[in-house]
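Q: Sharing query_2.cif (mmCIF, C-alpha atoms) below.
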data_structure
#
loop_
_atom_site.label_atom_id
_atom_site.label_comp_id
_atom_site.auth_asym_id
_atom_site.auth_seq_id
_atom_site.Cartn_x
_atom_site.Cartn_y
_atom_site.Cartn_z
CA MET A 8 113.87 82.08 101.73
CA ASP A 9 117.49 81.92 102.82
CA LYS A 10 120.42 83.38 100.95
CA LYS A 11 121.35 79.99 99.52
CA LEU A 12 118.13 79.89 97.50
CA HIS A 13 119.17 83.01 95.66
CA SER A 14 122.12 81.21 94.08
CA VAL A 15 120.70 77.84 93.02
CA SER A 16 122.57 77.08 89.82
CA PRO A 17 120.96 75.90 86.57
CA GLU A 18 121.45 72.21 85.93
CA SER A 19 122.65 72.83 82.39
CA GLY A 20 124.87 75.85 82.85
CA PRO A 21 124.37 79.43 81.72
CA ASN A 22 122.51 78.78 78.49
CA SER A 23 118.75 79.07 78.15
CA ASN A 24 118.06 75.69 76.53
CA LEU A 25 116.60 74.16 79.67
CA ASP A 26 113.34 72.26 79.91
CA LEU A 27 111.36 75.05 81.52
CA THR A 28 107.89 74.04 80.39
CA PRO A 29 105.27 74.58 83.12
CA GLN A 30 103.92 71.26 84.33
CA LEU A 31 100.19 71.95 84.12
CA ALA A 32 98.49 72.02 80.74
CA GLN A 33 95.63 74.20 81.96
CA SER A 34 96.02 77.87 82.75
CA SER A 35 95.40 79.40 86.15
CA SER A 36 94.00 82.85 86.82
CA ALA A 37 95.83 85.88 88.16
CA PHE A 38 95.13 89.56 88.64
CA LEU A 39 97.53 91.81 86.75
CA PHE A 40 98.36 95.23 88.17
CA GLU A 41 100.33 97.81 86.20
CA PRO A 42 100.28 101.06 88.22
CA LYS A 43 100.80 104.18 86.13
CA ASN A 44 102.48 106.02 88.98
CA ILE A 45 105.69 105.19 90.82
CA VAL A 46 104.86 103.06 93.86
CA PRO A 47 106.49 103.35 97.31
CA PHE A 48 108.18 100.07 98.19
CA GLU A 49 106.22 99.59 101.41
CA THR A 50 102.93 100.00 99.54
CA ALA A 51 103.72 97.21 97.09
CA LEU A 52 104.91 95.01 99.94
CA GLY A 53 101.54 95.42 101.62
CA TRP A 54 99.72 94.46 98.42
CA GLN A 55 101.76 91.27 98.16
CA LYS A 56 101.19 90.30 101.78
CA ASN A 57 97.43 90.63 101.39
CA PHE A 58 97.31 88.38 98.33
CA LEU A 59 99.72 85.88 99.91
CA LYS A 60 97.51 85.63 103.00
CA ASN A 61 94.42 85.07 100.85
CA LEU A 62 96.12 82.40 98.74
CA ILE A 63 97.27 80.51 101.81
CA GLU A 64 93.75 80.59 103.26
CA GLU A 65 92.05 79.89 99.91
CA PRO A 66 94.55 78.10 97.60
CA PHE A 67 92.37 78.43 94.51
CA SER A 68 91.71 82.15 94.84
CA PRO A 69 93.25 84.35 92.13
CA GLN A 70 96.99 84.81 92.06
CA ALA A 71 98.53 88.24 91.42
CA VAL A 72 101.28 89.87 89.38
CA TRP A 73 102.52 93.46 89.56
CA LEU A 74 104.74 95.25 87.03
CA LEU A 75 105.76 98.62 88.44
CA GLU A 76 108.48 101.11 89.31
CA HIS A 77 109.68 102.14 92.76
CA PHE A 78 111.05 105.31 94.26
CA SER A 79 114.77 104.94 94.98
CA CYS A 80 115.52 102.60 97.87
CA PHE A 81 117.62 99.63 98.93
CA THR A 82 116.20 96.26 99.94
CA MET A 83 117.95 93.52 101.88
CA GLY A 84 117.00 89.86 101.85
CA ARG A 85 116.68 87.75 104.93
CA GLY A 86 120.17 87.02 106.21
CA SER A 87 121.81 89.74 104.11
CA ASP A 88 125.30 90.76 105.18
CA LYS A 89 125.37 94.42 106.20
CA LYS A 90 128.97 94.58 105.01
CA ASN A 91 127.45 94.91 101.54
CA LEU A 92 126.17 98.36 102.49
CA LEU A 93 128.96 100.82 101.67
CA PHE A 94 127.63 103.44 104.10
CA GLU A 95 126.83 103.75 107.76
CA GLU A 96 123.41 102.23 108.37
CA ASN A 97 122.30 105.22 110.46
CA ASN A 98 123.35 107.58 107.66
CA SER A 99 121.79 105.92 104.62
CA PRO A 100 121.44 107.99 101.45
CA LEU A 101 118.13 106.18 100.71
CA PRO A 102 115.49 104.18 102.63
CA VAL A 103 116.58 100.62 103.44
CA PHE A 104 114.03 97.80 103.77
CA SER A 105 114.76 94.37 105.26
CA ILE A 106 112.35 91.88 103.73
CA GLU A 107 111.46 88.19 103.53
CA ARG A 108 113.21 87.12 100.36
CA GLY A 109 116.40 85.35 99.43
CA GLY A 110 119.38 87.23 98.15
CA GLU A 111 121.53 90.11 99.27
CA VAL A 112 121.10 93.86 99.00
CA THR A 113 119.80 95.40 95.79
CA HIS A 114 118.67 98.79 94.57
CA HIS A 115 115.32 99.91 93.13
CA MET A 116 114.68 103.19 91.34
CA PRO A 117 112.54 104.75 88.59
CA GLY A 118 113.45 103.40 85.16
CA GLN A 119 113.72 99.86 86.50
CA ILE A 120 110.78 97.47 86.10
CA VAL A 121 110.02 95.41 89.19
CA GLY A 122 107.89 92.30 88.82
CA TYR A 123 106.18 90.83 91.87
CA LEU A 124 104.50 87.46 91.56
CA VAL A 125 102.23 85.99 94.22
CA LEU A 126 101.67 82.54 92.77
CA ASN A 127 100.52 79.25 94.23
CA LEU A 128 103.23 76.85 93.11
CA SER A 129 100.88 73.97 93.81
CA LEU A 130 99.19 75.05 90.56
CA HIS A 131 102.52 75.10 88.69
CA LYS A 132 105.38 73.06 90.14
CA LYS A 133 106.44 72.77 93.78
CA ASP A 134 110.12 73.31 93.09
CA LEU A 135 111.89 76.55 93.99
CA SER A 136 114.89 75.92 91.75
CA TRP A 137 112.49 75.43 88.83
CA TYR A 138 110.70 78.64 89.77
CA LEU A 139 113.93 80.67 89.84
CA ARG A 140 114.87 79.35 86.42
CA GLN A 141 111.41 80.28 85.13
CA LEU A 142 111.84 83.87 86.31
CA GLU A 143 115.22 84.05 84.61
CA GLN A 144 113.67 82.74 81.41
CA VAL A 145 110.95 85.40 81.55
CA LEU A 146 113.70 88.03 81.34
CA ILE A 147 115.80 86.16 78.78
CA ASP A 148 112.77 85.79 76.50
CA VAL A 149 112.07 89.53 76.69
CA LEU A 150 115.67 90.39 75.92
CA ASP A 151 115.57 88.05 72.94
CA LEU A 152 112.53 89.91 71.58
CA LEU A 153 114.54 93.12 71.89
CA GLY A 154 117.48 91.63 70.00
CA ILE A 155 119.69 91.44 73.09
CA GLU A 156 121.37 88.22 74.20
CA GLY A 157 120.57 87.51 77.84
CA LYS A 158 122.44 84.78 79.66
CA ARG A 159 122.80 82.99 82.96
CA VAL A 160 126.02 82.69 84.94
CA ASP A 161 126.95 79.38 86.55
CA GLY A 162 126.20 79.26 90.25
CA LEU A 163 124.35 82.59 90.36
CA THR A 164 120.77 83.76 90.00
CA GLY A 165 119.90 86.58 87.63
CA VAL A 166 120.38 87.61 84.00
CA TRP A 167 123.43 89.17 82.37
CA CYS A 168 124.05 90.90 79.05
CA GLU A 169 127.67 90.53 78.06
CA ASP A 170 129.49 91.15 81.38
CA LYS A 171 126.80 93.32 82.99
CA LYS A 172 124.00 92.17 85.26
CA VAL A 173 120.70 93.67 84.07
CA GLY A 174 118.17 91.46 85.85
CA SER A 175 118.03 90.48 89.51
CA ILE A 176 115.82 87.89 91.18
CA GLY A 177 114.93 87.34 94.81
CA ILE A 178 111.94 85.38 96.07
CA GLY A 179 110.10 84.47 99.22
CA CYS A 180 107.83 81.49 99.61
CA LYS A 181 105.41 80.40 102.32
CA ARG A 182 103.39 77.19 102.03
CA TRP A 183 104.30 77.16 98.33
CA VAL A 184 102.89 80.65 97.78
CA THR A 185 105.51 83.01 96.37
CA GLN A 186 106.19 86.68 96.81
CA HIS A 187 108.75 89.20 95.53
CA GLY A 188 110.22 88.36 92.11
CA PHE A 189 112.53 90.17 89.68
CA SER A 190 113.83 93.54 88.61
CA LEU A 191 115.01 94.58 85.14
CA ASN A 192 117.06 97.72 84.57
CA VAL A 193 115.72 99.63 81.57
CA ASP A 194 116.77 103.29 81.51
CA CYS A 195 117.47 103.95 85.17
CA ASP A 196 120.20 105.95 86.88
CA LEU A 197 122.59 103.30 88.22
CA ILE A 198 124.54 105.57 90.56
CA GLY A 199 122.84 104.09 93.63
CA PHE A 200 124.50 100.74 92.97
CA GLU A 201 127.82 102.43 93.83
CA LYS A 202 126.61 102.63 97.44
CA ILE A 203 126.27 98.85 97.81
CA ILE A 204 127.84 95.57 96.75
CA PRO A 205 124.94 94.47 94.51
CA CYS A 206 123.60 91.01 95.39
CA GLY A 207 126.74 90.51 97.48
CA LEU A 208 128.80 90.07 94.31
CA ASP A 209 132.05 91.98 94.66
CA LYS A 210 133.11 93.88 91.54
CA VAL A 211 129.93 92.97 89.66
CA LYS A 212 129.12 95.31 86.78
CA VAL A 213 125.52 96.50 86.59
CA GLY A 214 123.95 97.44 83.26
CA LYS A 215 120.67 98.63 81.81
CA LEU A 216 118.91 97.96 78.53
CA SER A 217 119.55 101.47 77.27
CA ASP A 218 123.26 100.57 77.17
CA TRP A 219 122.32 98.43 74.14
CA ILE A 220 119.17 100.21 72.93
CA PRO A 221 119.53 103.98 73.43
CA GLY A 222 116.19 105.67 74.07
CA ILE A 223 114.35 102.56 75.27
CA LYS A 224 111.75 103.26 77.97
CA VAL A 225 109.89 101.28 80.60
CA CYS A 226 106.69 101.60 78.54
CA ASP A 227 108.43 99.77 75.69
CA VAL A 228 109.39 96.81 77.85
CA THR A 229 106.42 96.36 80.20
CA PRO A 230 104.08 94.84 77.54
CA LEU A 231 106.78 92.31 76.64
CA LEU A 232 107.21 91.34 80.28
CA ARG A 233 103.46 91.04 80.71
CA GLU A 234 103.21 88.53 77.87
CA SER A 235 106.35 86.66 78.90
CA VAL A 236 105.07 86.14 82.44
CA LYS A 237 101.67 85.09 81.13
CA ARG A 238 103.16 82.57 78.71
CA ARG A 239 105.81 81.18 81.05
CA PHE A 240 103.35 80.46 83.87
CA LYS A 241 100.30 79.79 81.68
CA LEU A 242 98.30 82.52 83.37
CA LYS A 243 94.90 83.92 82.45
CA TRP A 244 94.59 87.56 83.44
CA GLU A 245 91.50 88.31 85.52
CA ARG A 246 91.93 92.04 85.12
CA ILE A 247 94.52 94.55 84.00
CA ASN A 248 94.52 97.39 86.51
CA GLN A 249 96.54 100.45 85.55
CA SER A 250 94.92 102.99 87.86
CA LEU A 251 96.58 102.20 91.18
#
Could you express the structure from this file as structure tokens?

A:
Amino acid sequence: MDKKLHSVSPESGPNSNLDLTPQLAQSSSAFLFEPKNIVPFETALGWQKNFLKNLIEEPFSPQAVWLLEHFSCFTMGRGSDKKNLLFEENNSPLPVFSIERGGEVTHHMPGQIVGYLVLNLSLHKKDLSWYLRQLEQVLIDVLDLLGIEGKRVDGLTGVWCEDKKVGSIGIGCKRWVTQHGFSLNVDCDLIGFEKIIPCGLDKVKVGKLSDWIPGIKVCDVTPLLRESVKRRFKLKWERINQSL
């Protein structure tokens, strides 16, 4: 998707009281993968591509969701501006991946939960703005369960707590099959964000959940995300795989 998709604004402003109810009453099936080990970015990208290809060829085959952590790296969306890299490209402190999603450069690292969703929007709603708002609401619902107020910001995509961005979203979509998804900073080291202009937003402050809940860990948040994704998209898990 192009960069513009990353910043589709909510129709009703930054609050979460939007009509975000999925359109189909019946649930659809999806495989759920929760790897125990940290996953190289390129490995997870390959997993997504395989499921996306299968869903395009067989639209009613199972969808897939991953909740995982990555080794430290930077990713750049299609059309990202390299001026948002605050280092020489041939002298990067971390691996840089250019990928097929909307949005600008972001940073992944251990202690951050990344959610990848390969969904057939024909089974949900064929509307990318709706889908972005759904992903935001997944994160806002989890934060609410943790007693933290998550909010939207007019004209931008993502989730903020107070004045800090804690959740980022960038998607790709081909023939209404999605890939990529969201990231949520839990207890990660944020120093890598100093090497980039996150999401192309100059002077943005980046936060993590442990700023509000000291001692919180990824294992505390992953089950909440699992249920929030399931509820928001009315999914039925085919299998929970934690051994990858």

Q: Starting from the shown file, work through the PyMOL selection byres ((chain A and resi 193) around 12) and note down what comes out as JSON, numbers by chain.

A: {"A": [76, 115, 116, 117, 118, 119, 120, 121, 146, 149, 150, 153, 172, 173, 174, 190, 191, 192, 194, 195, 196, 197, 213, 214, 215, 216, 217, 218, 219, 220, 221, 222, 223, 224, 225, 226, 227, 228, 229, 232]}

Q: Write the residues you've just listed into a file as a short mmCIF file (atom, residue, chain, number, x, y, z; two decimals), in the frame of the given file, and include C-alpha atoms for each of them.

A:
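Heads up, here's the output in out_33.cif:
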data_model
loop_
_atom_site.label_atom_id
_atom_site.label_comp_id
_atom_site.auth_asym_id
_atom_site.auth_seq_id
_atom_site.Cartn_x
_atom_site.Cartn_y
_atom_site.Cartn_z
CA GLU A 76 108.48 101.11 89.31
CA HIS A 115 115.32 99.91 93.13
CA MET A 116 114.68 103.19 91.34
CA PRO A 117 112.54 104.75 88.59
CA GLY A 118 113.45 103.40 85.16
CA GLN A 119 113.72 99.86 86.50
CA ILE A 120 110.78 97.47 86.10
CA VAL A 121 110.02 95.41 89.19
CA LEU A 146 113.70 88.03 81.34
CA VAL A 149 112.07 89.53 76.69
CA LEU A 150 115.67 90.39 75.92
CA LEU A 153 114.54 93.12 71.89
CA LYS A 172 124.00 92.17 85.26
CA VAL A 173 120.70 93.67 84.07
CA GLY A 174 118.17 91.46 85.85
CA SER A 190 113.83 93.54 88.61
CA LEU A 191 115.01 94.58 85.14
CA ASN A 192 117.06 97.72 84.57
CA ASP A 194 116.77 103.29 81.51
CA CYS A 195 117.47 103.95 85.17
CA ASP A 196 120.20 105.95 86.88
CA LEU A 197 122.59 103.30 88.22
CA VAL A 213 125.52 96.50 86.59
CA GLY A 214 123.95 97.44 83.26
CA LYS A 215 120.67 98.63 81.81
CA LEU A 216 118.91 97.96 78.53
CA SER A 217 119.55 101.47 77.27
CA ASP A 218 123.26 100.57 77.17
CA TRP A 219 122.32 98.43 74.14
CA ILE A 220 119.17 100.21 72.93
CA PRO A 221 119.53 103.98 73.43
CA GLY A 222 116.19 105.67 74.07
CA ILE A 223 114.35 102.56 75.27
CA LYS A 224 111.75 103.26 77.97
CA VAL A 225 109.89 101.28 80.60
CA CYS A 226 106.69 101.60 78.54
CA ASP A 227 108.43 99.77 75.69
CA VAL A 228 109.39 96.81 77.85
CA THR A 229 106.42 96.36 80.20
CA LEU A 232 107.21 91.34 80.28
#

Q: Counting all atoms listed in the file, figure out which residue out of A:Ser129, A:Asn97, A:Gln144, A:Ser35 gets nearest to Gln70 (chain A).

A: A:Ser35

Q: Give as a PyMOL selection string every residue, naming chains and numbers as the document does, that has an atom within 6 Å of (110.4, 89.2, 96.4), counting only C-alpha atoms.

A: chain A and resi 108+177-179+186-188

Q: List the residues selected by the PyMOL selection byres ((chain A and resi 82-85) around 6) in the file shown, writing them as a compact mmCIF listing (two decimals) with C-alpha atoms, in the coordinates of the input.

A:
# COMPACT_ATOMS: atom_id res chain seq x y z
CA PHE A 81 117.62 99.63 98.93
CA GLY A 86 120.17 87.02 106.21
CA SER A 87 121.81 89.74 104.11
CA VAL A 103 116.58 100.62 103.44
CA PHE A 104 114.03 97.80 103.77
CA SER A 105 114.76 94.37 105.26
CA ILE A 106 112.35 91.88 103.73
CA GLU A 107 111.46 88.19 103.53
CA ARG A 108 113.21 87.12 100.36
CA GLY A 109 116.40 85.35 99.43
CA GLY A 110 119.38 87.23 98.15
CA GLU A 111 121.53 90.11 99.27
CA VAL A 112 121.10 93.86 99.00
CA THR A 113 119.80 95.40 95.79

Q: Between A:Cys168, A:Cys80, A:Cys180, A:Leu126, which has the minimum distance to Pro47 (chain A) (counting only C-alpha atoms)?

A: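 Nearest to Pro47 (chain A): A:Cys80.
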
Q: For the PyMOL selection byres ((chain A and resi 124) around 12), applied here, can you spell out every residue it catches as a PDB file with C-alpha atoms, in the coordinates of the input?

A:
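The resulting result-v8.pdb:
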ATOM      1  CA  ALA A  37      95.830  85.880  88.160  1.00  0.00           C
ATOM      2  CA  PHE A  38      95.130  89.560  88.640  1.00  0.00           C
ATOM      3  CA  LEU A  39      97.530  91.810  86.750  1.00  0.00           C
ATOM      4  CA  PHE A  40      98.360  95.230  88.170  1.00  0.00           C
ATOM      5  CA  ALA A  51     103.720  97.210  97.090  1.00  0.00           C
ATOM      6  CA  LEU A  52     104.910  95.010  99.940  1.00  0.00           C
ATOM      7  CA  TRP A  54      99.720  94.460  98.420  1.00  0.00           C
ATOM      8  CA  GLN A  55     101.760  91.270  98.160  1.00  0.00           C
ATOM      9  CA  LYS A  56     101.190  90.300 101.780  1.00  0.00           C
ATOM     10  CA  PHE A  58      97.310  88.380  98.330  1.00  0.00           C
ATOM     11  CA  LEU A  59      99.720  85.880  99.910  1.00  0.00           C
ATOM     12  CA  PRO A  69      93.250  84.350  92.130  1.00  0.00           C
ATOM     13  CA  GLN A  70      96.990  84.810  92.060  1.00  0.00           C
ATOM     14  CA  ALA A  71      98.530  88.240  91.420  1.00  0.00           C
ATOM     15  CA  VAL A  72     101.280  89.870  89.380  1.00  0.00           C
ATOM     16  CA  TRP A  73     102.520  93.460  89.560  1.00  0.00           C
ATOM     17  CA  LEU A  74     104.740  95.250  87.030  1.00  0.00           C
ATOM     18  CA  LEU A  75     105.760  98.620  88.440  1.00  0.00           C
ATOM     19  CA  VAL A 121     110.020  95.410  89.190  1.00  0.00           C
ATOM     20  CA  GLY A 122     107.890  92.300  88.820  1.00  0.00           C
ATOM     21  CA  TYR A 123     106.180  90.830  91.870  1.00  0.00           C
ATOM     22  CA  VAL A 125     102.230  85.990  94.220  1.00  0.00           C
ATOM     23  CA  LEU A 126     101.670  82.540  92.770  1.00  0.00           C
ATOM     24  CA  ASN A 127     100.520  79.250  94.230  1.00  0.00           C
ATOM     25  CA  LEU A 128     103.230  76.850  93.110  1.00  0.00           C
ATOM     26  CA  TYR A 138     110.700  78.640  89.770  1.00  0.00           C
ATOM     27  CA  LEU A 139     113.930  80.670  89.840  1.00  0.00           C
ATOM     28  CA  GLN A 141     111.410  80.280  85.130  1.00  0.00           C
ATOM     29  CA  LEU A 142     111.840  83.870  86.310  1.00  0.00           C
ATOM     30  CA  ILE A 176     115.820  87.890  91.180  1.00  0.00           C
ATOM     31  CA  GLY A 177     114.930  87.340  94.810  1.00  0.00           C
ATOM     32  CA  ILE A 178     111.940  85.380  96.070  1.00  0.00           C
ATOM     33  CA  GLY A 179     110.100  84.470  99.220  1.00  0.00           C
ATOM     34  CA  CYS A 180     107.830  81.490  99.610  1.00  0.00           C
ATOM     35  CA  VAL A 184     102.890  80.650  97.780  1.00  0.00           C
ATOM     36  CA  THR A 185     105.510  83.010  96.370  1.00  0.00           C
ATOM     37  CA  GLN A 186     106.190  86.680  96.810  1.00  0.00           C
ATOM     38  CA  HIS A 187     108.750  89.200  95.530  1.00  0.00           C
ATOM     39  CA  GLY A 188     110.220  88.360  92.110  1.00  0.00           C
ATOM     40  CA  PHE A 189     112.530  90.170  89.680  1.00  0.00           C
ATOM     41  CA  SER A 190     113.830  93.540  88.610  1.00  0.00           C
ATOM     42  CA  ARG A 233     103.460  91.040  80.710  1.00  0.00           C
ATOM     43  CA  VAL A 236     105.070  86.140  82.440  1.00  0.00           C
ATOM     44  CA  LYS A 237     101.670  85.090  81.130  1.00  0.00           C
ATOM     45  CA  PHE A 240     103.350  80.460  83.870  1.00  0.00           C
ATOM     46  CA  LEU A 242      98.300  82.520  83.370  1.00  0.00           C
TER      47      LEU A 242
END

Q: Can I get a file of region 149-213 of chain A from the given structure, C-alpha atoms kept, as an mmCIF file, in the first residue's frame?

A:
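In the end it all went to part-v9.cif:
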data_model
loop_
_atom_site.group_PDB
_atom_site.id
_atom_site.type_symbol
_atom_site.label_atom_id
_atom_site.label_comp_id
_atom_site.auth_asym_id
_atom_site.auth_seq_id
_atom_site.Cartn_x
_atom_site.Cartn_y
_atom_site.Cartn_z
ATOM 1 C CA VAL A 149 -5.665 -4.264 25.212
ATOM 2 C CA LEU A 150 -4.440 -1.049 26.796
ATOM 3 C CA ASP A 151 -7.838 -0.560 28.392
ATOM 4 C CA LEU A 152 -7.599 -4.014 29.971
ATOM 5 C CA LEU A 153 -4.236 -2.970 31.403
ATOM 6 C CA GLY A 154 -5.694 0.227 32.844
ATOM 7 C CA ILE A 155 -3.902 2.471 30.343
ATOM 8 C CA GLU A 156 -5.738 4.990 28.185
ATOM 9 C CA GLY A 157 -4.842 4.490 24.533
ATOM 10 C CA LYS A 158 -5.892 7.073 21.981
ATOM 11 C CA ARG A 159 -5.801 7.981 18.328
ATOM 12 C CA VAL A 160 -4.381 11.192 16.905
ATOM 13 C CA ASP A 161 -6.241 13.029 14.152
ATOM 14 C CA GLY A 162 -4.799 12.415 10.710
ATOM 15 C CA LEU A 163 -2.348 9.721 11.814
ATOM 16 C CA THR A 164 -2.366 5.948 12.134
ATOM 17 C CA GLY A 165 -1.260 4.289 15.355
ATOM 18 C CA VAL A 166 -1.945 4.395 19.090
ATOM 19 C CA TRP A 167 -0.651 6.860 21.655
ATOM 20 C CA CYS A 168 -0.564 6.911 25.452
ATOM 21 C CA GLU A 169 -0.483 10.481 26.690
ATOM 22 C CA ASP A 170 2.011 12.116 24.285
ATOM 23 C CA LYS A 171 3.977 8.964 23.427
ATOM 24 C CA LYS A 172 3.387 6.634 20.510
ATOM 25 C CA VAL A 173 3.334 3.029 21.748
ATOM 26 C CA GLY A 174 1.673 1.243 18.826
ATOM 27 C CA SER A 175 2.498 1.442 15.129
ATOM 28 C CA ILE A 176 0.537 0.074 12.192
ATOM 29 C CA GLY A 177 1.535 -0.564 8.603
ATOM 30 C CA ILE A 178 -0.259 -2.873 6.193
ATOM 31 C CA GLY A 179 -0.012 -4.323 2.737
ATOM 32 C CA CYS A 180 -2.922 -5.675 0.749
ATOM 33 C CA LYS A 181 -3.165 -7.644 -2.482
ATOM 34 C CA ARG A 182 -6.524 -8.699 -3.928
ATOM 35 C CA TRP A 183 -8.043 -7.892 -0.529
ATOM 36 C CA VAL A 184 -5.653 -10.220 1.291
ATOM 37 C CA THR A 185 -3.675 -8.387 3.957
ATOM 38 C CA GLN A 186 -0.170 -8.743 5.284
ATOM 39 C CA HIS A 187 1.991 -7.005 7.897
ATOM 40 C CA GLY A 188 0.038 -5.419 10.764
ATOM 41 C CA PHE A 189 1.002 -3.752 14.047
ATOM 42 C CA SER A 190 3.699 -3.451 16.677
ATOM 43 C CA LEU A 191 3.256 -2.676 20.375
ATOM 44 C CA ASN A 192 6.160 -1.582 22.555
ATOM 45 C CA VAL A 193 6.079 -3.455 25.868
ATOM 46 C CA ASP A 194 9.431 -3.458 27.690
ATOM 47 C CA CYS A 195 11.856 -2.904 24.829
ATOM 48 C CA ASP A 196 15.003 -0.803 24.591
ATOM 49 C CA LEU A 197 13.927 2.253 22.588
ATOM 50 C CA ILE A 198 17.414 3.544 21.798
ATOM 51 C CA GLY A 199 17.167 2.374 18.174
ATOM 52 C CA PHE A 200 14.397 4.888 17.530
ATOM 53 C CA GLU A 201 17.023 7.620 17.982
ATOM 54 C CA LYS A 202 18.583 6.469 14.697
ATOM 55 C CA ILE A 203 15.438 7.200 12.660
ATOM 56 C CA ILE A 204 12.526 9.597 12.379
ATOM 57 C CA PRO A 205 9.857 7.073 13.456
ATOM 58 C CA CYS A 206 7.000 6.764 10.960
ATOM 59 C CA GLY A 207 8.282 9.950 9.339
ATOM 60 C CA LEU A 208 6.923 11.999 12.253
ATOM 61 C CA ASP A 209 9.490 14.599 13.257
ATOM 62 C CA LYS A 210 9.916 15.029 17.015
ATOM 63 C CA VAL A 211 7.516 12.192 17.819
ATOM 64 C CA LYS A 212 7.984 10.716 21.283
ATOM 65 C CA VAL A 213 8.058 6.920 21.451
#
